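A.B. asks: So here's coords.txt (compact mmCIF, C-alpha atoms).
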```txt
# COMPACT_ATOMS: atom_id res chain seq x y z
CA MET A 1 64.63 9.54 -28.52
CA ALA A 2 67.97 8.20 -29.60
CA SER A 3 70.29 10.23 -31.77
CA VAL A 4 70.00 9.74 -35.53
CA ASN A 5 73.70 9.31 -35.92
CA GLY A 6 75.36 6.24 -34.64
CA GLY A 7 73.10 5.36 -31.69
CA SER A 8 71.91 1.82 -31.21
CA GLU A 9 68.23 0.91 -31.44
CA SER A 10 68.23 0.12 -27.72
CA GLN A 11 69.65 3.49 -26.72
CA PRO A 12 67.40 5.17 -24.11
CA ALA A 13 65.43 8.29 -24.93
CA LYS A 14 67.50 11.46 -24.97
CA HIS A 15 65.09 13.31 -22.71
CA GLN A 16 62.91 12.16 -19.85
CA GLU A 17 59.73 12.40 -21.89
CA VAL A 18 59.20 9.14 -23.78
CA GLY A 19 58.72 9.72 -27.48
CA HIS A 20 60.28 13.16 -27.27
CA LYS A 21 61.61 14.60 -30.53
CA SER A 22 62.93 18.01 -29.53
CA LEU A 23 65.89 19.36 -31.47
CA LEU A 24 67.12 21.36 -28.49
CA GLN A 25 70.76 20.56 -27.78
CA SER A 26 70.38 20.88 -24.03
CA ASP A 27 68.48 18.16 -22.18
CA ALA A 28 68.31 20.38 -19.12
CA LEU A 29 66.82 23.29 -21.08
CA TYR A 30 64.13 21.10 -22.61
CA GLN A 31 63.29 19.64 -19.21
CA TYR A 32 63.06 23.19 -17.88
CA ILE A 33 60.51 24.06 -20.58
CA LEU A 34 58.44 20.99 -19.75
CA GLU A 35 58.49 21.45 -16.00
CA THR A 36 58.04 25.23 -16.00
CA SER A 37 55.46 25.96 -18.69
CA VAL A 38 54.14 22.71 -20.16
CA TYR A 39 53.40 20.18 -17.43
CA PRO A 40 51.88 22.70 -14.95
CA ARG A 41 49.36 23.74 -17.63
CA GLU A 42 48.77 20.32 -19.19
CA PRO A 43 45.11 19.30 -18.77
CA ALA A 44 44.67 16.16 -16.69
CA PRO A 45 43.26 14.10 -19.59
CA MET A 46 46.28 14.94 -21.77
CA LYS A 47 48.64 13.98 -18.97
CA GLU A 48 46.83 10.67 -18.55
CA LEU A 49 46.94 9.94 -22.28
CA ARG A 50 50.61 10.92 -22.49
CA GLU A 51 51.47 8.51 -19.69
CA VAL A 52 49.40 5.70 -21.22
CA THR A 53 51.02 6.26 -24.61
CA ALA A 54 54.48 6.16 -23.05
CA LYS A 55 53.90 2.46 -22.34
CA HIS A 56 53.13 1.68 -25.98
CA PRO A 57 55.97 0.11 -28.04
CA TRP A 58 55.54 2.77 -30.75
CA ASN A 59 55.54 5.70 -28.32
CA LEU A 60 58.04 7.56 -30.49
CA MET A 61 55.13 8.35 -32.81
CA THR A 62 53.34 10.51 -30.28
CA THR A 63 53.18 14.28 -30.35
CA SER A 64 55.42 15.79 -27.67
CA ALA A 65 53.83 17.63 -24.76
CA ASP A 66 55.24 21.01 -25.77
CA GLU A 67 53.87 20.62 -29.29
CA GLY A 68 50.50 19.60 -27.89
CA GLN A 69 50.47 22.78 -25.83
CA PHE A 70 51.42 24.82 -28.90
CA LEU A 71 48.64 23.33 -31.04
CA ASN A 72 46.06 23.92 -28.32
CA LEU A 73 46.94 27.60 -28.04
CA LEU A 74 47.22 28.06 -31.81
CA LEU A 75 43.71 26.71 -32.37
CA LYS A 76 42.32 29.11 -29.80
CA LEU A 77 44.19 32.04 -31.36
CA ILE A 78 42.71 31.39 -34.80
CA ASN A 79 39.25 30.57 -33.38
CA ALA A 80 39.22 27.23 -35.17
CA LYS A 81 35.95 25.32 -35.25
CA ASN A 82 36.12 22.84 -38.14
CA THR A 83 39.38 20.90 -38.30
CA MET A 84 40.99 17.78 -39.72
CA GLU A 85 43.78 15.55 -38.45
CA ILE A 86 45.62 13.09 -40.68
CA GLY A 87 47.52 10.62 -38.53
CA VAL A 88 46.03 10.08 -35.06
CA TYR A 89 48.01 7.32 -33.30
CA THR A 90 46.66 7.20 -29.70
CA GLY A 91 45.17 10.68 -29.99
CA TYR A 92 47.35 13.04 -27.93
CA SER A 93 47.31 15.85 -30.51
CA LEU A 94 43.69 14.98 -31.29
CA LEU A 95 42.76 15.46 -27.63
CA SER A 96 44.70 18.71 -27.54
CA THR A 97 42.66 19.91 -30.52
CA ALA A 98 39.35 18.70 -29.13
CA LEU A 99 39.94 20.51 -25.85
CA ALA A 100 40.71 23.74 -27.74
CA LEU A 101 37.63 23.74 -29.95
CA PRO A 102 34.24 25.12 -28.87
CA ASP A 103 31.59 22.60 -27.84
CA ASP A 104 30.14 22.50 -31.35
CA GLY A 105 33.57 22.18 -32.97
CA LYS A 106 34.35 19.23 -35.24
CA ILE A 107 37.44 17.18 -36.07
CA LEU A 108 37.64 14.78 -38.99
CA ALA A 109 40.27 12.30 -37.77
CA LEU A 110 41.85 9.94 -40.32
CA ASP A 111 44.18 7.05 -39.50
CA ILE A 112 44.90 3.58 -40.87
CA ASN A 113 44.95 2.03 -37.40
CA ARG A 114 41.85 2.13 -35.20
CA GLU A 115 43.50 -0.11 -32.60
CA ASN A 116 45.92 2.65 -31.59
CA TYR A 117 43.10 5.19 -31.43
CA GLU A 118 41.14 2.89 -29.13
CA ILE A 119 43.96 3.22 -26.58
CA GLY A 120 43.19 6.89 -26.14
CA ARG A 121 39.46 6.89 -26.85
CA PRO A 122 38.33 6.12 -23.27
CA ILE A 123 40.35 9.08 -22.01
CA ILE A 124 38.94 11.31 -24.75
CA GLU A 125 35.43 10.21 -23.81
CA LYS A 126 36.10 10.84 -20.12
CA ALA A 127 37.29 14.34 -21.04
CA GLY A 128 33.87 15.01 -22.55
CA VAL A 129 35.07 15.86 -26.06
CA ALA A 130 34.47 12.63 -27.99
CA HIS A 131 31.37 14.11 -29.64
CA LYS A 132 33.61 16.52 -31.54
CA ILE A 133 35.54 13.70 -33.26
CA ASP A 134 34.61 11.85 -36.43
CA PHE A 135 37.21 9.06 -36.57
CA ARG A 136 37.56 7.17 -39.84
CA GLU A 137 39.87 4.21 -40.27
CA GLY A 138 41.71 3.81 -43.56
CA PRO A 139 44.00 5.68 -45.96
CA ALA A 140 43.40 9.42 -46.06
CA LEU A 141 43.93 10.10 -49.76
CA PRO A 142 40.70 8.39 -50.96
CA VAL A 143 38.72 10.36 -48.37
CA LEU A 144 40.35 13.60 -49.48
CA ASP A 145 39.67 12.84 -53.14
CA LEU A 146 35.97 12.36 -52.40
CA MET A 147 35.92 15.66 -50.55
CA ILE A 148 37.65 17.41 -53.45
CA GLU A 149 34.89 16.16 -55.77
CA ASP A 150 32.23 17.67 -53.51
CA LYS A 151 32.54 21.45 -53.72
CA LYS A 152 30.84 21.93 -50.35
CA PHE A 153 34.06 20.87 -48.63
CA HIS A 154 36.23 23.38 -50.48
CA GLY A 155 37.47 26.03 -48.08
CA SER A 156 35.56 24.46 -45.20
CA PHE A 157 38.38 23.72 -42.75
CA ASP A 158 39.89 26.25 -40.38
CA PHE A 159 42.85 24.06 -39.44
CA ILE A 160 44.37 20.80 -40.68
CA PHE A 161 47.15 18.91 -38.90
CA VAL A 162 49.19 16.31 -40.77
CA ASP A 163 51.34 13.81 -38.88
CA ALA A 164 51.24 10.70 -41.03
CA ASP A 165 53.16 8.99 -43.87
CA LYS A 166 55.85 11.44 -44.94
CA ASP A 167 56.05 10.00 -48.46
CA ASN A 168 52.53 11.31 -49.05
CA TYR A 169 52.92 14.78 -47.54
CA LEU A 170 53.04 16.48 -50.94
CA ASN A 171 50.07 14.42 -52.11
CA TYR A 172 48.20 15.62 -49.05
CA HIS A 173 49.19 19.22 -49.66
CA LYS A 174 47.92 19.16 -53.25
CA ARG A 175 44.47 18.27 -51.90
CA LEU A 176 44.38 20.08 -48.58
CA ILE A 177 45.06 23.45 -50.19
CA ASP A 178 41.55 23.25 -51.66
CA LEU A 179 39.94 22.12 -48.41
CA VAL A 180 41.40 24.69 -46.02
CA LYS A 181 39.77 28.12 -46.11
CA ILE A 182 41.61 31.26 -47.17
CA GLY A 183 43.17 32.45 -43.92
CA GLY A 184 43.09 28.91 -42.55
CA VAL A 185 46.14 26.95 -41.46
CA ILE A 186 47.70 23.60 -42.39
CA GLY A 187 50.31 22.25 -39.99
CA TYR A 188 52.83 19.65 -41.16
CA ASP A 189 54.63 17.77 -38.41
CA ASN A 190 58.19 16.35 -38.47
CA THR A 191 59.47 18.83 -41.04
CA LEU A 192 62.95 18.89 -39.47
CA TRP A 193 62.97 15.09 -39.37
CA ASN A 194 65.26 14.26 -36.49
CA GLY A 195 67.73 16.91 -37.66
CA SER A 196 68.68 14.58 -40.51
CA LEU A 197 67.94 17.14 -43.22
CA VAL A 198 71.40 18.65 -42.82
CA ALA A 199 73.25 15.37 -42.22
CA PRO A 200 76.00 14.51 -44.74
CA PRO A 201 75.11 11.89 -47.38
CA ASP A 202 77.20 9.21 -45.68
CA ALA A 203 75.81 9.81 -42.17
CA PRO A 204 74.82 6.54 -40.40
CA LEU A 205 71.10 7.29 -40.21
CA ARG A 206 68.45 4.85 -39.12
CA LYS A 207 66.74 3.19 -42.09
CA TYR A 208 63.37 4.84 -41.58
CA VAL A 209 65.00 8.24 -41.08
CA ARG A 210 67.01 7.91 -44.29
CA TYR A 211 64.03 6.60 -46.27
CA TYR A 212 61.69 9.47 -45.40
CA ARG A 213 64.30 12.23 -45.36
CA ASP A 214 64.11 12.89 -49.10
CA PHE A 215 60.33 13.20 -48.96
CA VAL A 216 60.56 15.75 -46.14
CA LEU A 217 63.22 17.68 -48.04
CA GLU A 218 60.97 17.71 -51.12
CA LEU A 219 58.04 18.99 -49.07
CA ASN A 220 60.06 21.77 -47.48
CA LYS A 221 61.35 22.95 -50.86
CA ALA A 222 57.85 22.93 -52.32
CA LEU A 223 56.28 24.83 -49.41
CA ALA A 224 59.03 27.45 -49.54
CA VAL A 225 58.00 28.50 -53.06
CA ASP A 226 54.24 27.91 -52.87
CA PRO A 227 52.61 31.31 -53.56
CA ARG A 228 49.29 30.09 -52.14
CA VAL A 229 50.55 30.03 -48.56
CA GLU A 230 52.54 31.99 -46.01
CA ILE A 231 54.77 29.65 -44.02
CA CYS A 232 56.62 29.47 -40.75
CA GLN A 233 58.82 26.51 -39.84
CA LEU A 234 59.26 26.13 -36.10
CA PRO A 235 61.73 23.94 -34.15
CA VAL A 236 58.97 22.67 -31.86
CA GLY A 237 58.99 18.92 -31.34
CA ASP A 238 60.52 17.43 -34.48
CA GLY A 239 59.75 20.57 -36.46
CA ILE A 240 56.33 21.84 -37.50
CA THR A 241 55.63 23.97 -40.56
CA LEU A 242 52.54 26.16 -40.49
CA CYS A 243 51.00 27.14 -43.83
CA ARG A 244 48.41 29.92 -43.90
CA ARG A 245 46.44 29.89 -47.13
CA ILE A 246 46.38 33.33 -48.73
CA ASN A 247 45.58 32.60 -52.37
CA GLY A 248 42.23 31.48 -53.73
CA SER A 249 43.79 29.59 -56.63
CA SER A 250 44.62 25.93 -56.06
CA ARG A 251 46.41 25.63 -59.42
CA PRO A 252 49.50 23.42 -59.02
CA TYR A 253 52.78 25.30 -59.12
CA TYR A 254 55.23 22.40 -59.02
```
Show this structure as structure tokens.
C.D. replies:
Amino acid sequence: MASVNGGSESQPAKHQEVGHKSLLQSDALYQYILETSVYPREPAPMKELREVTAKHPWNLMTTSADEGQFLNLLLKLINAKNTMEIGVYTGYSLLSTALALPDDGKILALDINRENYEIGRPIIEKAGVAHKIDFREGPALPVLDLMIEDKKFHGSFDFIFVDADKDNYLNYHKRLIDLVKIGGVIGYDNTLWNGSLVAPPDAPLRKYVRYYRDFVLELNKALAVDPRVEICQLPVGDGITLCRRINGSSRPYY
């Protein structure tokens, strides 16, 4: 991925992995992580999907391999069974989740673009985990609102991963806090947003980076003071913030 400050749009990816978003300053150190602990353990279907996605013109949207490994292990550690993913793209993180869940595990997968999901679906089917996925095309907020109205969905999710439109992250959070169980986890991706969060106001950021930066900043400030969750912001990929729900009240605080 090109640098956020001053690089041209045609600048090659910073690291060897296409679509990589790591904030590590050393290319060699990141490559060491990939080659030593990520790629040797990466399941064959995930490797295949990663390589297929690398050929897509929007490959920058994909979850990095190290973050996929992290999510897979996290889901096993918390014994997740019922999960949700908002923002699917070609399905790399979705496949990572599906492989981590037990055979009767379920993933509600929401994305506005089925065409991208269809790129990865044959690989997901070949991996034998497609039966765990309920993919629904369209905006996520209307689906979430319907679930909020039906009390049976309250507290029903063990894990929710959000990697979608950053300008709606807070809108998602206001709803997801009801849907994740107490002790369950919500993961928000891209919460360090290309490192732009600490860039000076006049920094020459890419248009999309500048546009979404304020929304990510707003989310981070809100999560930091939300008494309903414990949080941990990790510099994995482009930054991921984990929120563990600890409070039964979903009353807005901001």
A.B. asks: In Å to one decimal, how far is CA of Asp238 in chain A from CA of Pro142 in chain A?
C.D. replies: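 Straight-line distance from CA of Pro142 in chain A to CA of Asp238 in chain A works out to 27.3 Å.
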A.B. asks: Taking into account all atoms listed in the file, which residue in the set A:Ile119, A:Ala28, A:Val216, A:Cys243 is nearest to Asn59 in chain A?
C.D. replies: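 Result for the nearest residue to Asn59 in chain A: A:Ile119.
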A.B. asks: Please identify every residue of range 100-164 of chain A that has at least one atom no farther than 8 Å from an atom of range 80-90 of chain A, counting all atoms listed in the file, and for each give the shortest atom pair and the distance in Å to one decimal, arranged by chain then increasing number, as a Markdown table.
C.D. replies:
```
| residue | atom | partner | partner_atom | distance |
| --- | --- | --- | --- | --- |
| A:Leu101 | CA | A:Lys81 | CA | 5.8 |
| A:Pro102 | CA | A:Lys81 | CA | 6.6 |
| A:Asp104 | CA | A:Lys81 | CA | 7.5 |
| A:Gly105 | CA | A:Lys81 | CA | 4.6 |
| A:Lys106 | CA | A:Asn82 | CA | 5.0 |
| A:Ile107 | CA | A:Thr83 | CA | 4.8 |
| A:Leu108 | CA | A:Met84 | CA | 4.6 |
| A:Ala109 | CA | A:Glu85 | CA | 4.8 |
| A:Leu110 | CA | A:Ile86 | CA | 4.9 |
| A:Asp111 | CA | A:Gly87 | CA | 5.0 |
| A:Ile112 | CA | A:Gly87 | CA | 7.9 |
| A:Asn113 | CA | A:Tyr89 | CA | 7.4 |
| A:Asn116 | CA | A:Thr90 | CA | 5.0 |
| A:Tyr117 | CA | A:Thr90 | CA | 4.4 |
| A:Glu118 | CA | A:Thr90 | CA | 7.0 |
| A:Ile119 | CA | A:Thr90 | CA | 5.7 |
| A:Gly120 | CA | A:Thr90 | CA | 5.0 |
| A:Arg121 | CA | A:Thr90 | CA | 7.7 |
| A:Ala140 | CA | A:Ile86 | CA | 6.9 |
| A:Ser156 | CA | A:Asn82 | CA | 7.3 |
| A:Phe157 | CA | A:Asn82 | CA | 5.2 |
| A:Asp158 | CA | A:Ala80 | CA | 5.3 |
| A:Phe159 | CA | A:Thr83 | CA | 4.8 |
| A:Ile160 | CA | A:Met84 | CA | 4.6 |
| A:Phe161 | CA | A:Glu85 | CA | 4.8 |
| A:Val162 | CA | A:Ile86 | CA | 4.8 |
| A:Asp163 | CA | A:Gly87 | CA | 5.0 |
| A:Ala164 | CA | A:Gly87 | CA | 4.5 |
```
A.B. asks: Quick one: residues within 8 Å of Thr191 in chain A, only C-alpha atoms, excluding same-chain residues fewer than 6 positions away - as a PyMOL selection string?
C.D. replies: chain A and resi 216+220+233+238-241
A.B. asks: Nearest to Phe70 in chain A: which of A:Val52, A:Val236, A:Arg245, A:Phe135 is it, counting all atoms listed in the file?
C.D. replies: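 Answer, going by the shortest atom-to-atom distance: A:Val236.
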A.B. asks: For CA of Ala65 in chain A and CA of Ala98 in chain A, determine how far apart the two atoms are, in Å to one decimal place.
C.D. replies: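 Separating CA of Ala65 in chain A from CA of Ala98 in chain A is a distance of 15.2 Å.
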A.B. asks: For Arg136 in chain A, which residue out of A:Tyr208, A:Glu115, A:Leu75, A:Val38 is the nearest one, using all atoms listed in the file?
C.D. replies: A:Glu115
A.B. asks: Counting all atoms listed in the file, which residues sit no farther than 12 Å from the position (36.2, 14.4, -18.0) in the file's frame? I'd like them as an MDAnalysis selection string.
C.D. replies: chainID A and resid 43:46 48 95 99 122:130
A.B. asks: I'd like the interatomic distance between CA of Ala222 in chain A and CA of Glu137 in chain A, to a tenth of an Å.
C.D. replies: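 That distance, rounded to one decimal, is 28.6 Å.
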A.B. asks: Could the residues of range 135-155 of chain A that have an atom at most 10 Å from range 176-187 of chain A be listed as a tab-separated table, each with its closest atom pair and the distance in Å to one decimal, counting all atoms listed in the file and ordered by chain and ascending residue number?
C.D. replies:
```
residue	atom	partner	partner_atom	distance
A:Leu144	CA	A:Leu176	CA	7.7
A:Asp145	CA	A:Leu176	CA	9.8
A:Met147	CA	A:Leu179	CA	7.9
A:Ile148	CA	A:Asp178	CA	7.2
A:Lys151	CA	A:Leu179	CA	9.1
A:Lys152	CA	A:Leu179	CA	9.3
A:Phe153	CA	A:Leu179	CA	6.0
A:His154	CA	A:Leu179	CA	4.4
A:Gly155	CA	A:Lys181	CA	3.7
```
